[in-house]
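Participant: Before I ask anything, let me first share the structure, which is written out below as structure tokens.
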Number of protein chains: 2
Amino acid sequence: MDIKALEDRYDQMKRRNWQIDITRGKPAPEQLDLANAILTAVGPDDCIGADGTDYRNYSIGTGIVEAKQFFSTFMGVQPEEIIIGGNSSLNLMYDTLVGAMMFGMPGGDGPWKDQAGLKFLCPVPGYDRHFAICERLGIEMIPVEMTGAGPDMDAVEELVSADAGVKGIWCVPKYSNPTGETYSDEVVHRLAALKPAAGDFTIIWDNAYAYHHLGEGPAEVKDILEACKAAGCPDRPVMFGSTSKISHAGSGVAVIAGSQGTIADATRKMFYATIGHDKINQLRHVRFFGDLDGLKAHMDRHAALIGPKFAALDAVLTRNLEGKGLATWTRPKGGYFVSIDVMDNCAAETVRLAGDAGVKLTPAGATFPYGRDPRDHNIRLAPTMPPVDEIESAMEVFCACLELASARKHTG
Amino acid sequence: MDIKALEDRYDQMKRRNWQIDITRGKPAPEQLDLANAILTAVGPDDCIGADGTDYRNYSIGTGIVEAKQFFSTFMGVQPEEIIIGGNSSLNLMYDTLVGAMMFGMPGGDGPWKDQAGLKFLCPVPGYDRHFAICERLGIEMIPVEMTGAGPDMDAVEELVSADAGVKGIWCVPKYSNPTGETYSDEVVHRLAALKPAAGDFTIIWDNAYAYHHLGEGPAEVKDILEACKAAGCPDRPVMFGSTSKISHAGSGVAVIAGSQGTIADATRKMFYATIGHDKINQLRHVRFFGDLDGLKAHMDRHAALIGPKFAALDAVLTRNLEGKGLATWTRPKGGYFVSIDVMDNCAAETVRLAGDAGVKLTPAGATFPYGRDPRDHNIRLAPTMPPVDEIESAMEVFCACLELASARKHTG
């Protein structure tokens, strides 16, 4: 098609007055329905814990014994290597980095706020909320390319050994946001084997999609904590997980896991902030899922609901774009996103055109530190929330926008 | 009795092997039972909010519309003057002061961490968890005497006007922890009229016991936000409340209230930390209480349960100690504590003797900054948790310990 034909197609689509939002990784109502029984899973006759504690009352800062048992299998650690938090793993990550700023991390030289030249490695494309925390705290972000099997470890090794200001790295090791890739064993091994100049170099291991496969899975990831223990740096990874996209997104349970040194440090920091998190909600999760097999079976039901949405998205992209050289995109086996790389300088324009046609996409640049994609070429698609027919319509619009934007930028 | 007789009486009591814990202000199981229906107050057919939002999903950082409506009446503010948080007001207070350290407060000169000589006024006796936050953050604590109607305002006025390092004051305005006193209108007025050297002087207004009367109440406290607006310093008070001692202590809802400037600042700070708090639990509270009258009626039932415990405690103290000149104590009309002042240098020894006899009390000194009561004379009693007969037994032991400690220190 020439530009005129592309413009005509776009104008036709625009007249349809779409109102579809695929900006955020939110579960669909049908996914939330799967967990409705959790709302009433704990009644008045079930509030006393295995150790006799009345879970309706104060006490227990780091989680009830039943939840430590359950979530330690969830995270693949020992019960003494976990803290059960509130409803938000983002909150736990934020508090971890604020705690590092104010009080330092194990193995380091005190509070980060008293040190100059703080930096964090940010695999790109990545998660905007991670980057926002660093920006807020004044920690300079250094992008590192994702490779399809985790971050470019040659670059990571060079950066961490050269500069004691490099304090950590953001990692989403499985079905990464947004590329959907899973870290290879070699990447995990090399992360554990790093020789950072900073004694308190910290891996923020945000395993947000640990059980979130799309029909074949979940994938295996090499155990980072075990690898770091073997490498003599047990306190390096601070691991996070949550049930936000497993039970109910606003009312889940989030956890921190790590070495006993990591947990002791986090517990000490948490003592000043709270008497304890919501124990009844912790118990609801244990009662609803029963055990890890119950949770895995639950996630198979999620996969059955959202797998077809990813397939529909891919089918429309393939039909419209394959062989045209305009874009490459991921075909994730799990997670909540598809990452699409378009031609340079076409991402923002594509997102703008789609928005004008009623299809809201994640803002271009959001997958990069400071919201700046230097090549303006990456777009995150989040197909879980709308029904399949809306995903298909949204992707038809998207493809029309992408082709038009590409033609305008790269011809004439 | 001479010392020998006091020692004999103490030894007799010790042989009874008491195991009574009155260290913390925890509600009794019977109080928690009153709110058991909240556990199942929201089921699958009641998760869509008045504005159409699915409360099981992500979104809404500052609280659901129903909760803003309900808790704004609870706090005596407008719905746009409140943020609904998680389960812990202590956590909100901690985050407020950490936020001040990292990013500053409205009206100030930037992050407190970059300023020297940070100080906070601490009315004494007071709440150990408040003091622990200041100590943790390196904020020097300056004790100010409580008067029976709030802090000594002459001292407060002098301290805040003389030193720009004085950044704030801890206030528990109603049924204060541990003295049970309620701030007079004059104290509230003078707090609003302060002329601090610090532009961002902040009143941490922890209204933890706003509805927690013991049979005649709740008491009225002059509206600090209104007073500060009238005095031209609307952003001075940051107000906190929670349902921790109203519904279930570990699963309540905590809130921040204040001017629109205060709320805008807190919202901005909270954005980086979380997508949002537990909306279902917010809705549970709205559904369970209905409105403020429902909550007040609920607190009348609490009063009926714990009022007799305070009466029993007072009766034992009166019978054993009245007229002996060994101690003075409060007769609160609300709250969770009785504060008793013993003879100088006798508090720690009394607590130690009681502990050895199986009656655990709040550690002596806990009601003062740094855990140091300079006269070693104040003890906090927390009679809500055990049944009446245990309170009576505990107080008999306590009086025996107090008389023995006093005799040992002040005779011979």
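All residue names refer to the structure tokens as shown: chains lettered A, B, ... in order, residues numbered from 1 in each chain, ligands numbered from 1 in order.
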Select residues of chain B: the criterion is any atom within 6 Å of an atom of chain A, counting only C-alpha atoms; output as a PyMOL selection string.
Facilitator: chain B and resi 36+39-40+43-44+56-58+90-91+94+133+248-251+272-274+278
Participant: Which residues are close to B:Ala366, i.e. within 12 Å by only C-alpha atoms, leaving aside same-chain residues fewer than 4 positions away? Reply as a short mmCIF file (atom, residue, chain, number, x, y, z; two decimals) with N, CA and C atoms, in the first residue's frame.
Facilitator:
```cif
data_model
loop_
_atom_site.label_atom_id
_atom_site.label_comp_id
_atom_site.auth_asym_id
_atom_site.auth_seq_id
_atom_site.Cartn_x
_atom_site.Cartn_y
_atom_site.Cartn_z
N THR B 23 1.72 -6.22 78.78
CA THR B 23 2.74 -5.34 78.20
C THR B 23 2.19 -4.44 77.09
N ARG B 24 1.30 -4.98 76.26
CA ARG B 24 0.94 -4.25 75.05
C ARG B 24 -0.55 -3.93 75.02
N VAL B 124 6.07 13.43 76.99
CA VAL B 124 6.34 12.25 77.82
C VAL B 124 5.45 12.27 79.06
N PRO B 125 5.05 11.06 79.51
CA PRO B 125 5.31 9.78 78.86
C PRO B 125 4.55 9.65 77.56
N GLY B 126 5.10 8.82 76.64
CA GLY B 126 4.52 8.68 75.32
C GLY B 126 4.65 7.25 74.80
N TYR B 127 4.54 7.12 73.47
CA TYR B 127 4.42 5.80 72.84
C TYR B 127 5.79 5.36 72.30
N ASP B 128 6.23 4.20 72.73
CA ASP B 128 7.59 3.76 72.37
C ASP B 128 7.80 3.60 70.88
N ARG B 129 6.75 3.23 70.15
CA ARG B 129 6.93 3.02 68.71
C ARG B 129 7.15 4.35 67.97
N HIS B 130 6.56 5.42 68.47
CA HIS B 130 6.87 6.75 67.92
C HIS B 130 8.35 7.06 68.13
N PHE B 131 8.78 6.87 69.35
CA PHE B 131 10.16 7.23 69.69
C PHE B 131 11.16 6.38 68.90
N ALA B 132 10.80 5.11 68.69
CA ALA B 132 11.71 4.22 67.95
C ALA B 132 11.94 4.72 66.53
N ASN B 177 -1.57 7.82 74.80
CA ASN B 177 -0.78 6.67 75.22
C ASN B 177 0.46 7.17 75.92
N PRO B 178 0.65 6.92 77.22
CA PRO B 178 -0.15 6.07 78.09
C PRO B 178 -1.03 6.83 79.09
N SER B 339 -1.37 5.03 83.20
CA SER B 339 0.01 5.45 83.45
C SER B 339 0.17 5.65 84.95
N ALA B 347 10.75 2.41 89.27
CA ALA B 347 9.96 1.80 88.19
C ALA B 347 10.61 0.53 87.67
N ALA B 348 11.89 0.60 87.34
CA ALA B 348 12.56 -0.57 86.75
C ALA B 348 12.54 -1.75 87.72
N VAL B 351 9.07 -3.34 87.85
CA VAL B 351 8.82 -4.14 86.65
C VAL B 351 9.61 -5.46 86.72
N LEU B 361 5.16 -6.74 82.46
CA LEU B 361 4.74 -5.35 82.25
C LEU B 361 5.55 -4.73 81.13
N THR B 362 5.05 -3.64 80.55
CA THR B 362 5.85 -2.85 79.60
C THR B 362 7.16 -2.47 80.30
N TYR B 370 14.46 7.09 73.79
CA TYR B 370 15.65 6.27 74.00
C TYR B 370 15.46 5.25 75.13
N GLY B 371 14.19 5.03 75.54
CA GLY B 371 13.93 4.08 76.63
C GLY B 371 14.48 4.52 77.97
N ARG B 372 14.74 5.83 78.10
CA ARG B 372 15.37 6.32 79.34
C ARG B 372 14.43 7.28 80.07
N ASP B 373 13.88 6.81 81.12
CA ASP B 373 13.07 7.64 82.00
C ASP B 373 14.03 8.24 83.03
N PRO B 374 14.33 9.52 82.93
CA PRO B 374 15.42 10.07 83.77
C PRO B 374 15.18 9.89 85.27
N ASP B 376 13.24 7.37 86.38
CA ASP B 376 12.88 5.95 86.56
C ASP B 376 11.62 5.83 87.42
N HIS B 377 10.56 6.49 86.94
CA HIS B 377 9.38 6.56 87.80
C HIS B 377 8.06 6.25 87.11
N ASN B 378 8.07 6.07 85.76
CA ASN B 378 6.79 5.87 85.05
C ASN B 378 6.64 4.43 84.56
N ILE B 379 5.44 3.89 84.75
CA ILE B 379 5.13 2.54 84.26
C ILE B 379 3.80 2.59 83.52
N ARG B 380 3.76 1.91 82.38
CA ARG B 380 2.52 1.83 81.59
C ARG B 380 1.83 0.49 81.85
N LEU B 381 0.57 0.54 82.18
CA LEU B 381 -0.22 -0.67 82.40
C LEU B 381 -1.24 -0.81 81.25
#
```
Participant: For B:Gly168, which residue out of B:Glu145, B:Glu66, B:Glu140, B:Asp51 is the nearest one, using only C-alpha atoms?
Facilitator: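 Closest candidate: B:Glu140.
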Participant: Which is closer to B:Ser406 than all the others in B:Cys228, B:Thr262, B:Pro237, B:Met1, using only C-alpha atoms?
Facilitator: B:Met1
Participant: Skipping near chain neighbours, those fewer than 3 positions away, what residues fall within 7 Å of stretch 204-215 of chain A using only C-alpha atoms, listed as an NGL selection string?
Facilitator: :A and (169-175 or 218 or 237-242 or 296 or 299-300 or 303-304 or 306-307 or 333-335)
Participant: Convert the current residue selection to file output with N, CA and C atoms, as a PDB file, in the first residue's frame.
Facilitator:
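Output file result-v1.pdb is given in full below:
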```pdb
ATOM      1  N   ILE A 169      21.149  -4.437  40.268  1.00  0.00           N
ATOM      2  CA  ILE A 169      20.538  -4.683  38.961  1.00  0.00           C
ATOM      3  C   ILE A 169      19.097  -5.136  39.162  1.00  0.00           C
ATOM      4  N   TRP A 170      18.216  -4.638  38.317  1.00  0.00           N
ATOM      5  CA  TRP A 170      16.824  -5.096  38.297  1.00  0.00           C
ATOM      6  C   TRP A 170      16.732  -6.354  37.446  1.00  0.00           C
ATOM      7  N   CYS A 171      16.137  -7.403  37.984  1.00  0.00           N
ATOM      8  CA  CYS A 171      15.957  -8.635  37.217  1.00  0.00           C
ATOM      9  C   CYS A 171      14.518  -9.136  37.345  1.00  0.00           C
ATOM     10  N   VAL A 172      13.903  -9.432  36.213  1.00  0.00           N
ATOM     11  CA  VAL A 172      12.632 -10.174  36.189  1.00  0.00           C
ATOM     12  C   VAL A 172      12.968 -11.476  35.475  1.00  0.00           C
ATOM     13  N   PRO A 173      13.322 -12.513  36.237  1.00  0.00           N
ATOM     14  CA  PRO A 173      14.041 -13.641  35.633  1.00  0.00           C
ATOM     15  C   PRO A 173      13.195 -14.561  34.764  1.00  0.00           C
ATOM     16  N   LYS A 174      11.895 -14.548  34.979  1.00  0.00           N
ATOM     17  CA  LYS A 174      11.061 -15.476  34.214  1.00  0.00           C
ATOM     18  C   LYS A 174       9.959 -14.704  33.490  1.00  0.00           C
ATOM     19  N   TYR A 175       9.786 -14.989  32.205  1.00  0.00           N
ATOM     20  CA  TYR A 175       8.758 -14.298  31.415  1.00  0.00           C
ATOM     21  C   TYR A 175       8.865 -12.793  31.656  1.00  0.00           C
ATOM     22  N   PRO A 218       5.050 -23.972  34.195  1.00  0.00           N
ATOM     23  CA  PRO A 218       5.954 -22.833  34.058  1.00  0.00           C
ATOM     24  C   PRO A 218       7.387 -23.251  33.718  1.00  0.00           C
ATOM     25  N   PRO A 237      21.253 -11.696  46.303  1.00  0.00           N
ATOM     26  CA  PRO A 237      19.906 -11.560  45.728  1.00  0.00           C
ATOM     27  C   PRO A 237      18.854 -11.254  46.797  1.00  0.00           C
ATOM     28  N   VAL A 238      18.004 -10.301  46.536  1.00  0.00           N
ATOM     29  CA  VAL A 238      16.803 -10.102  47.347  1.00  0.00           C
ATOM     30  C   VAL A 238      15.635 -10.419  46.416  1.00  0.00           C
ATOM     31  N   MET A 239      14.917 -11.479  46.791  1.00  0.00           N
ATOM     32  CA  MET A 239      13.933 -12.048  45.876  1.00  0.00           C
ATOM     33  C   MET A 239      12.517 -11.625  46.273  1.00  0.00           C
ATOM     34  N   PHE A 240      11.713 -11.330  45.281  1.00  0.00           N
ATOM     35  CA  PHE A 240      10.348 -10.869  45.524  1.00  0.00           C
ATOM     36  C   PHE A 240       9.355 -11.711  44.728  1.00  0.00           C
ATOM     37  N   GLY A 241       8.201 -11.891  45.314  1.00  0.00           N
ATOM     38  CA  GLY A 241       7.130 -12.586  44.621  1.00  0.00           C
ATOM     39  C   GLY A 241       5.809 -12.091  45.170  1.00  0.00           C
ATOM     40  N   SER A 242       4.735 -12.402  44.468  1.00  0.00           N
ATOM     41  CA  SER A 242       3.420 -12.045  44.995  1.00  0.00           C
ATOM     42  C   SER A 242       2.342 -12.851  44.297  1.00  0.00           C
ATOM     43  N   LYS A 296      -0.438 -24.212  41.373  1.00  0.00           N
ATOM     44  CA  LYS A 296      -0.053 -24.490  39.976  1.00  0.00           C
ATOM     45  C   LYS A 296      -1.279 -24.870  39.132  1.00  0.00           C
ATOM     46  N   MET A 299      -3.042 -21.827  38.240  1.00  0.00           N
ATOM     47  CA  MET A 299      -2.400 -21.068  37.167  1.00  0.00           C
ATOM     48  C   MET A 299      -2.588 -21.731  35.803  1.00  0.00           C
ATOM     49  N   ASP A 300      -2.814 -23.036  35.786  1.00  0.00           N
ATOM     50  CA  ASP A 300      -3.188 -23.682  34.510  1.00  0.00           C
ATOM     51  C   ASP A 300      -4.522 -23.124  34.017  1.00  0.00           C
ATOM     52  N   ALA A 303      -3.888 -19.828  32.499  1.00  0.00           N
ATOM     53  CA  ALA A 303      -3.289 -19.996  31.162  1.00  0.00           C
ATOM     54  C   ALA A 303      -4.361 -20.294  30.123  1.00  0.00           C
ATOM     55  N   ALA A 304      -5.343 -21.097  30.515  1.00  0.00           N
ATOM     56  CA  ALA A 304      -6.408 -21.442  29.565  1.00  0.00           C
ATOM     57  C   ALA A 304      -7.212 -20.210  29.172  1.00  0.00           C
ATOM     58  N   ILE A 306      -5.938 -16.854  29.255  1.00  0.00           N
ATOM     59  CA  ILE A 306      -5.181 -15.782  28.580  1.00  0.00           C
ATOM     60  C   ILE A 306      -4.329 -16.296  27.426  1.00  0.00           C
ATOM     61  N   GLY A 307      -4.035 -17.591  27.395  1.00  0.00           N
ATOM     62  CA  GLY A 307      -3.286 -18.142  26.267  1.00  0.00           C
ATOM     63  C   GLY A 307      -3.922 -17.763  24.928  1.00  0.00           C
ATOM     64  N   LYS A 333       6.174 -17.470  26.279  1.00  0.00           N
ATOM     65  CA  LYS A 333       5.536 -18.671  26.812  1.00  0.00           C
ATOM     66  C   LYS A 333       4.902 -18.403  28.180  1.00  0.00           C
ATOM     67  N   GLY A 334       4.972 -17.146  28.629  1.00  0.00           N
ATOM     68  CA  GLY A 334       4.365 -16.800  29.903  1.00  0.00           C
ATOM     69  C   GLY A 334       4.441 -15.302  30.133  1.00  0.00           C
ATOM     70  N   GLY A 335       3.997 -14.881  31.302  1.00  0.00           N
ATOM     71  CA  GLY A 335       4.018 -13.465  31.624  1.00  0.00           C
ATOM     72  C   GLY A 335       2.788 -12.740  31.120  1.00  0.00           C
TER      73      GLY A 335
END
```
Participant: If you measure from atom CA of B:Glu157 to atom CA of B:Gly232, what distance in Å do you get, rounded to one decimal?
Facilitator: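 Going from atom CA of B:Glu157 over to atom CA of B:Gly232, I get 16.9 Å.
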Participant: Considering only C-alpha atoms, return as a PDB file with N, CA, C and O atoms, in the first residue's frame whatever protein or nucleic-acid residues lie within 8 Å of stretch 13-16 of chain B, sequence-local ones (same chain, fewer than 6 positions apart) excluded.
Facilitator:
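As a result, out_12.pdb now contains:
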```pdb
ATOM      1  N   ASP B 356       9.587 -11.321  87.492  1.00  0.00           N
ATOM      2  CA  ASP B 356      10.061 -12.527  88.193  1.00  0.00           C
ATOM      3  C   ASP B 356       8.899 -13.298  88.818  1.00  0.00           C
ATOM      4  O   ASP B 356       8.986 -14.510  89.019  1.00  0.00           O
ATOM      5  N   ALA B 357       7.812 -12.572  89.103  1.00  0.00           N
ATOM      6  CA  ALA B 357       6.638 -13.228  89.673  1.00  0.00           C
ATOM      7  C   ALA B 357       5.623 -13.622  88.600  1.00  0.00           C
ATOM      8  O   ALA B 357       4.499 -14.017  88.919  1.00  0.00           O
ATOM      9  N   GLY B 358       6.016 -13.506  87.320  1.00  0.00           N
ATOM     10  CA  GLY B 358       5.146 -13.990  86.248  1.00  0.00           C
ATOM     11  C   GLY B 358       4.172 -12.969  85.695  1.00  0.00           C
ATOM     12  O   GLY B 358       3.287 -13.323  84.919  1.00  0.00           O
ATOM     13  N   VAL B 397      -0.206  -8.444  92.433  1.00  0.00           N
ATOM     14  CA  VAL B 397       1.230  -8.696  92.324  1.00  0.00           C
ATOM     15  C   VAL B 397       1.979  -7.380  92.122  1.00  0.00           C
ATOM     16  O   VAL B 397       2.994  -7.106  92.784  1.00  0.00           O
TER      17      VAL B 397
END
```
Participant: For the helix (DSSP H, G or I) assignment from backbone DSSP, which residues of stretch 124-349 of chain B qualify? Please present them as a PyMOL selection string.
Facilitator: chain B and resi 128-137+153-162+185-193+224-230+260-271+279-289+292-321+347-349
Participant: Can you list, as a list in words, every residue of stretch 332-409 of chain B that DSSP puts in strand (DSSP E or B)?
Facilitator: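 Of stretch 332-409 of chain B, only Gly334, Val338, Ser339, Ile340, Asp341, Val342, Val359, Lys360, Leu361, Asn378, Ile379, Arg380 and Leu381 of chain B fall in strand (DSSP E or B).
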Participant: Can I get the selection written as a PDB file, in the first residue's frame, with N, CA and C atoms?
Facilitator:
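Once written, selection29.pdb looks like this:
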```pdb
ATOM      1  N   GLY B 334     -10.776   6.749  78.400  1.00  0.00           N
ATOM      2  CA  GLY B 334     -10.691   6.069  77.119  1.00  0.00           C
ATOM      3  C   GLY B 334      -9.264   5.603  76.871  1.00  0.00           C
ATOM      4  N   VAL B 338      -3.215   2.681  81.436  1.00  0.00           N
ATOM      5  CA  VAL B 338      -3.123   3.467  82.662  1.00  0.00           C
ATOM      6  C   VAL B 338      -1.645   3.773  82.866  1.00  0.00           C
ATOM      7  N   SER B 339      -1.366   5.028  83.197  1.00  0.00           N
ATOM      8  CA  SER B 339       0.006   5.452  83.455  1.00  0.00           C
ATOM      9  C   SER B 339       0.170   5.648  84.955  1.00  0.00           C
ATOM     10  N   ILE B 340       1.179   5.035  85.507  1.00  0.00           N
ATOM     11  CA  ILE B 340       1.384   5.163  86.952  1.00  0.00           C
ATOM     12  C   ILE B 340       2.782   5.709  87.217  1.00  0.00           C
ATOM     13  N   ASP B 341       2.831   6.757  88.021  1.00  0.00           N
ATOM     14  CA  ASP B 341       4.104   7.326  88.434  1.00  0.00           C
ATOM     15  C   ASP B 341       4.411   6.838  89.840  1.00  0.00           C
ATOM     16  N   VAL B 342       5.520   6.148  89.975  1.00  0.00           N
ATOM     17  CA  VAL B 342       5.931   5.636  91.282  1.00  0.00           C
ATOM     18  C   VAL B 342       7.020   6.544  91.831  1.00  0.00           C
ATOM     19  N   VAL B 359       4.323 -11.707  86.081  1.00  0.00           N
ATOM     20  CA  VAL B 359       3.459 -10.664  85.535  1.00  0.00           C
ATOM     21  C   VAL B 359       4.319  -9.763  84.647  1.00  0.00           C
ATOM     22  N   LYS B 360       4.127  -9.904  83.350  1.00  0.00           N
ATOM     23  CA  LYS B 360       4.942  -9.136  82.405  1.00  0.00           C
ATOM     24  C   LYS B 360       4.341  -7.758  82.191  1.00  0.00           C
ATOM     25  N   LEU B 361       5.156  -6.739  82.463  1.00  0.00           N
ATOM     26  CA  LEU B 361       4.739  -5.346  82.252  1.00  0.00           C
ATOM     27  C   LEU B 361       5.553  -4.729  81.125  1.00  0.00           C
ATOM     28  N   ASN B 378       8.066   6.070  85.757  1.00  0.00           N
ATOM     29  CA  ASN B 378       6.790   5.868  85.053  1.00  0.00           C
ATOM     30  C   ASN B 378       6.641   4.433  84.561  1.00  0.00           C
ATOM     31  N   ILE B 379       5.444   3.886  84.747  1.00  0.00           N
ATOM     32  CA  ILE B 379       5.134   2.537  84.260  1.00  0.00           C
ATOM     33  C   ILE B 379       3.802   2.594  83.516  1.00  0.00           C
ATOM     34  N   ARG B 380       3.758   1.910  82.379  1.00  0.00           N
ATOM     35  CA  ARG B 380       2.524   1.826  81.587  1.00  0.00           C
ATOM     36  C   ARG B 380       1.835   0.492  81.854  1.00  0.00           C
ATOM     37  N   LEU B 381       0.567   0.545  82.180  1.00  0.00           N
ATOM     38  CA  LEU B 381      -0.224  -0.674  82.396  1.00  0.00           C
ATOM     39  C   LEU B 381      -1.235  -0.813  81.254  1.00  0.00           C
TER      40      LEU B 381
END
```
Participant: Which residue is closest to A:Leu97? Choose from A:Val388, A:Val160, A:Ala149, A:Leu118 and count only C-alpha atoms.
Facilitator: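 Among the listed residues, A:Leu118 lies closest to A:Leu97.
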Participant: One decimal, in Å: what's the spacing between atom CA of B:Leu283 and atom CA of B:Gln69?
Facilitator: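 Distance between the two atoms: 11.2 Å.
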Participant: Provide the atom CA of B:Gly104 to atom CA of B:Lys167 distance in Å, to one decimal place.
Facilitator: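 Between atom CA of B:Gly104 and atom CA of B:Lys167 the gap works out to 10.6 Å.
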Participant: Name the closest residue to B:Gly61 among the candidates B:Thr411, B:Thr267, B:Thr367, B:Ser259; distances are taken between atoms, counting only C-alpha atoms.
Facilitator: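 Using only C-alpha atoms, the shortest distance to B:Gly61 belongs to B:Thr267.
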